[in-house]
Amino acid sequence: MAQLSDDCFAHGGKLMTTAEALALLEEKLQCITETETISVVETLSRVLAEDIISPCNVPPHDNSAVDGYAVYFDDLGTTSETILQISDRITAGSHVREKLRKGTAARIFTGAPMPFGADTVLMQEDCKLKGTDEVSIPVGIKSGSNRRFAGEDVEKGAVILHAGRTVRPQDMGLISAVGISTIKVRKPLRVAFFSTGDELRNPGTPLESGQVYDSNRYTINGLLNNLGCHVTDLGILPDTPDLIHKALERTIDQYDLVLTSGGVSVGEEDHVKQVVESLGSLHAWRLAIKPGRPIALGQIGSTAFVGLPGNPVAVIVTFSNFVRPLINLLSGAENTTPKTFPVVAAFSHKKKKDRKEWVRVHLKENLEGHWEAHKYPKEGAGILSSVCHSDGFAVLSEELLSIQPGDLISYLPFNEVAL
Ligand code: AMP
Ligand code: MG
């Protein structure tokens, strides 16, 4: 099995921009997952391990796009209606016909193979039946109308989907349309995670004074599932170095990636960093972002390690922007840049220079019919509801100092980053 390169998360320790951090991940990380061959119905959200080449044309034969009458265009009059004898009846699933008799029409149905020679199909609504075996065809139809060509959707031999593609419902349809029933995909990345903090309690249990419910594990679980990972929830760990050590030791070589939240800051009760260092290697990435710092990346045995911040919104921002691409790279998924769109800001906002910010916004259509971004009124890194009641992030680049209503800003929809 492929392995991470030695100490691949090392860097000089300097403050990093988002672009530098992403370039480093792209440079150092490679796919480590094995492959398996599975049935197409099981492939939703799985990553293709090889290009898929179509063994046939889709559609396989020229066919009619409507219910109507197939004719030779050059049999039709240009100044008055044409009366043709109906010499054939072709339903969907019929064998392909030898040839349509010249000067006649074939009654034909949607998807039925075109008879050889015929090049045009009239919609039945535009024609008049005369008795039972003649049809009157009006002038004005264009040559080739309503005829679908063999291979116009997919040509035999074409690559229909490339390796690295994360399979979507329409892809499952397309793979089936070319007649393929099993395909080679990547095995899901095995990811385990736990929360750290003496104050954390599981939902469903009583809360005592000074305690809070753990939310990060549930957010992280959902994010990992959205990325198609094989997920293991390892629960909550107290701020006790020994216990963190024992728990992390048990994960070595058992998972491809271990994630934690909390405990990677510089407080005396932040023990995760030292423990990972004692078991393997760890590098604090000082990212010029808000919210989000700090995050730590390392390796314990063959297992990659990412320590996320504790604050719930910081978890979401660091996961969606850094862990998501990291997971894509390790799982062999195409690592495309999330698409952002320009929208008009309906808020004012001040920020520090040289730091990228992700402001939670929802979109509303203004009177001119344009989408406007409205900032969620509360902003802290602990305000998890700000993410639930928003549609996406306003991504404010390093050089910006302030936003005024009416400014064009870059909008990142949540679904671009697995949220
Ligand atoms: P830490 O990074 O451990 O100092 O935590 C920063 C803040 O995030 C503190 O207010 C913690 O209580 C909070 N926090 C840490 N982990 C979680 C969690 N799993 N769920 C909810 N809040 C958390
Ligand atoms: Mg803590």
# chains A, B, ... in the order shown; residues from 1 in each chain; ligands from 1
>>> residues_around(residues="region 329-344 of chain A", least_positions_apart="3", cutoff="7 Å", atoms="only C-alpha atoms", output="MDAnalysis selection string")
chainID A and resid 29:33 47 164:166 188:189 325:326 371:373 406:412 416:417
>>> select_by_dssp(residues="region 193-349 of chain A", states="helix (DSSP H, G or I)", output="PyMOL selection string")
chain A and resi 216-226+241-251+272-279+312-331
>>> closest_atom_pairs(of="chain A", to="ligand 1", cutoff="9 Å", atoms="only C-alpha atoms and all ligand atoms", output="tab-separated table")
residue	atom	partner	partner_atom_place_in_ligand_line	distance
A:Phe194	CA	ligand 1	19 (N)	8.0
A:Ser195	CA	ligand 1	19 (N)	4.8
A:Thr196	CA	ligand 1	16 (N)	6.0
A:Gly197	CA	ligand 1	3 (O)	5.8
A:Asp198	CA	ligand 1	12 (O)	8.6
A:Glu199	CA	ligand 1	12 (O)	6.3
A:Leu200	CA	ligand 1	18 (C)	6.4
A:Arg201	CA	ligand 1	20 (N)	8.6
A:Gln211	CA	ligand 1	12 (O)	8.2
A:Val212	CA	ligand 1	12 (O)	6.7
A:Tyr213	CA	ligand 1	21 (C)	6.1
A:Asp214	CA	ligand 1	20 (N)	3.6
A:Ser215	CA	ligand 1	20 (N)	4.0
A:Asn216	CA	ligand 1	19 (N)	4.1
A:Arg217	CA	ligand 1	19 (N)	5.9
A:Tyr218	CA	ligand 1	19 (N)	8.5
A:Ile236	CA	ligand 1	19 (N)	7.7
A:Asp239	CA	ligand 1	3 (O)	8.6
A:Thr260	CA	ligand 1	19 (N)	8.8
A:Ser261	CA	ligand 1	16 (N)	5.7
A:Gly262	CA	ligand 1	3 (O)	3.4
A:Gly263	CA	ligand 1	3 (O)	3.9
A:Val264	CA	ligand 1	2 (O)	5.9
A:Ser265	CA	ligand 1	2 (O)	5.5
A:Val266	CA	ligand 1	4 (O)	8.2
A:Gly267	CA	ligand 1	4 (O)	7.0
A:Glu269	CA	ligand 1	3 (O)	7.7
A:Asp270	CA	ligand 1	3 (O)	6.3
A:Pro294	CA	ligand 1	2 (O)	8.1
A:Leu308	CA	ligand 1	2 (O)	7.9
A:Pro309	CA	ligand 1	2 (O)	4.8
A:Gly310	CA	ligand 1	15 (C)	3.5
A:Asn311	CA	ligand 1	8 (O)	3.5
A:Pro312	CA	ligand 1	22 (N)	5.7
A:Ala314	CA	ligand 1	8 (O)	8.7
A:Val315	CA	ligand 1	17 (C)	8.9
A:Ala381	CA	ligand 1	8 (O)	8.4
A:Gly382	CA	ligand 1	8 (O)	6.8
>>> residues_around(residues="Thr17 (chain A)", least_positions_apart="6", cutoff="9 Å", atoms="only C-alpha atoms", output="list in words")
Arg286, Leu287, Ala288, Ile289, Asp354, Arg355, Lys356 and Glu398 of chain A
>>> residues_around(residues="region 61-78 of chain A", least_positions_apart="2", cutoff="6 Å", atoms="only C-alpha atoms", output="PyMOL selection string")
chain A and resi 59+80+82+103+105-114+118-124+139+143+146-150
>>> closest_residue(among="A:Lys130, A:His162, A:Arg360, A:Lys99", to="Val395 (chain A)", atoms="only C-alpha atoms")
A:Arg360
